[in-house]
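Taking it in order: structure first as structure tokens, then the write-up.
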Amino acid sequence: MTSRSIRSLTRAAPGVHFVEGPLSNWTILVGEDSATLIDAGYPKDLELVLGTLDQVAEGRPLKAVLITHGHSDHIGSIRGLQARWSLRVLAAAAEIPNIRREVLHQVDFRQVLPRLGRYGVAGWAVGAVAAGGLKDVAVADVEAITEGRPLVVSGHTVIAVPSAGHTPGHTAYHLPEANLLVTGDALVTGHPTSRTSGVQLLPAMFNTDRDLARDSLERLLYTGDLILPGHGPLLR
């Protein structure tokens with residue numbers, strides 16, 4: 001068992017469940033005979049991911065994980081999930097080297113240390129390390145998803161929306177039937193290092209290209225009426 005706990009679990013649409021986790025979020029798509037995850041939390045979130053799957057999937061097996069980007073707080077539990085199920089893992093081709101850890105696009109101590117005095121940074125860093133943020137979370141077997149082409153997973157139509165900037169291959173996922181958008185970290189509604197709530201970018205140190213991230217956020221605002229972010233609460 002774990003002392004960590006989720007903040008909320010919300011039915012965002014029929015068969016679509018949004019989980020606001022301790023430090024990052026994931027979304028569960030449930031169909032007639034299977035479930036699919038979008039993102040998967042930190043390594044220490046594995047038991048929470050499994051618990052939320054048990055709660056909403058009601059015994060249906062997990063068949064796939066769609067990844068918005070390869071940061072540890074979004075892919076951390078995947079290897080633990082692969083020990084239980086045979087999974088398809090899908091992401092944009094440009095993000096796969098980051099997920100495999102052939103390259104690493106992620107904030108590190110060289111960027112964090114000079115900013116430890118800033119609002120929330122020290123607390124966030126301690127929490128991230130405690131959640132397994134420094135563990136090896138590389139996922140070797142990842143399929144490239146075709147951006148813009150509809151994909152059906154667990155009975156839901158999903159369209160990959162390019163949203164680079166936070167990482168080079170960051171991808172949001174549009175569910176047109178529910179008119180909602182799973183934004184990963186291209187658009188968030190809160191974060192421990194931010195004093196504000198509502199639509200925003202993560203602080204600059206978290207983004208590989210700030211200008212490109214800003215452009216992606218502006219495009220995403222016009223996709224879907226319901227936002228399921230990588231950090232912060234759901235926004236209608």
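Each chain in the structure tokens gets a letter, A, B, ..., in the order shown, and its residues are numbered from 1; ligands are numbered from 1 in order too.
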Using only C-alpha atoms, which residues of range 126-226 of chain A come within 7 Å of range 26-39 of chain A, and what is the closest atom pair for each, with the distance in Å to one decimal? Give it as a Markdown table, sorted by chain and residue number.
| residue | atom | partner | partner_atom | distance |
| --- | --- | --- | --- | --- |
| A:Val153 | CA | A:Thr36 | CA | 6.6 |
| A:Ser154 | CA | A:Gly31 | CA | 4.5 |
| A:Gly155 | CA | A:Gly31 | CA | 5.0 |
Discussion item. I want to know what sits within 12 Å of range 45-60 of chain A, based on only C-alpha atoms, with residues of the same chain fewer than 4 positions away left out; could you give that as a PyMOL selection string?
Written reply: chain A and resi 1-11+14-41+65+72-85+128+130-133+154
Just list as a PDB file with C-alpha atoms, in the first residue's frame whatever in range 61-141 of chain A DSSP marks as alpha helix (DSSP H).
ATOM      1  CA  SER A  72       9.212  10.864 -15.542  1.00  0.00           C
ATOM      2  CA  ASP A  73       5.931  12.125 -14.089  1.00  0.00           C
ATOM      3  CA  HIS A  74       4.052  10.997 -17.196  1.00  0.00           C
ATOM      4  CA  ILE A  75       5.672   7.641 -18.033  1.00  0.00           C
ATOM      5  CA  ILE A  78       4.484   2.178 -17.431  1.00  0.00           C
ATOM      6  CA  ARG A  79       7.082  -0.519 -16.760  1.00  0.00           C
ATOM      7  CA  GLY A  80       5.133  -1.587 -13.687  1.00  0.00           C
ATOM      8  CA  LEU A  81       1.967  -1.767 -15.785  1.00  0.00           C
ATOM      9  CA  GLN A  82       3.792  -3.812 -18.429  1.00  0.00           C
ATOM     10  CA  ILE A  96      10.144   8.375 -28.800  1.00  0.00           C
ATOM     11  CA  PRO A  97      13.914   9.001 -28.310  1.00  0.00           C
ATOM     12  CA  ASN A  98      13.071  10.858 -25.081  1.00  0.00           C
ATOM     13  CA  ILE A  99      10.805   8.042 -23.882  1.00  0.00           C
ATOM     14  CA  ARG A 100      13.490   5.456 -24.641  1.00  0.00           C
ATOM     15  CA  PHE A 109      19.526  19.841 -11.034  1.00  0.00           C
ATOM     16  CA  ARG A 110      21.619  22.277 -13.074  1.00  0.00           C
ATOM     17  CA  GLN A 111      18.423  24.172 -13.854  1.00  0.00           C
ATOM     18  CA  VAL A 112      16.695  23.618 -10.520  1.00  0.00           C
ATOM     19  CA  VAL A 121      10.490  25.085  -6.439  1.00  0.00           C
ATOM     20  CA  ALA A 122      12.122  23.468  -3.400  1.00  0.00           C
ATOM     21  CA  GLY A 123       8.918  21.745  -2.332  1.00  0.00           C
ATOM     22  CA  TRP A 124       8.224  20.544  -5.860  1.00  0.00           C
ATOM     23  CA  ALA A 125      11.780  19.171  -6.209  1.00  0.00           C
ATOM     24  CA  VAL A 126      11.559  17.241  -2.935  1.00  0.00           C
ATOM     25  CA  GLY A 127       8.195  15.807  -3.942  1.00  0.00           C
ATOM     26  CA  ALA A 128       9.404  14.851  -7.414  1.00  0.00           C
ATOM     27  CA  VAL A 129      12.426  12.963  -6.043  1.00  0.00           C
ATOM     28  CA  ALA A 130      10.275  11.214  -3.424  1.00  0.00           C
TER      29      ALA A 130
END
Item to complete: Could you give me, as a list in words, the residues within 9 Å of range 148-151 of chain A, counting only C-alpha atoms and dropping anything in the same chain fewer than 4 positions from it?
Response: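 Those residues are His156, Thr157, Val158, Ile159, Ala160, Val161 and Pro162 of chain A.
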I'd like the neighbourhood of Gln106 in chain A as a short mmCIF file (atom, residue, chain, number, x, y, z; two decimals) with C-alpha atoms, in the first residue's frame, where a residue qualifies if any of its atoms comes within 9 Å (using only C-alpha atoms), though same-chain residues fewer than 3 positions away should be ignored.
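Just written: out19.cif:
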data_model
loop_
_atom_site.label_atom_id
_atom_site.label_comp_id
_atom_site.auth_asym_id
_atom_site.auth_seq_id
_atom_site.Cartn_x
_atom_site.Cartn_y
_atom_site.Cartn_z
CA GLY A 70 8.49 11.41 -21.95
CA HIS A 71 8.95 13.13 -18.59
CA SER A 72 9.21 10.86 -15.54
CA ASN A 98 13.07 10.86 -25.08
CA THR A 167 9.37 18.75 -25.23
CA PHE A 206 10.42 23.05 -17.71
CA ASN A 207 10.15 23.81 -21.45
CA THR A 208 12.70 22.98 -24.13
#
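If only C-alpha atoms are the atoms counted, then among A:Ser86, A:Leu62, A:Gly184, A:His69 the closest residue to His105 in chain A is A:His69.
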Practice prompt. Tell me, in Å to one decimal, how far CA of Thr189 in chain A is from CA of Pro233 in chain A.
Written response: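 Pair CA of Thr189 in chain A / CA of Pro233 in chain A returns 6.2 Å.
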Discussion item. As number ranges by chain, please: the residues near Thr68 in chain A (cut-off 6 Å, only C-alpha atoms, same-chain neighbours under 6 positions excluded).
Written reply: A: 170-172, 184
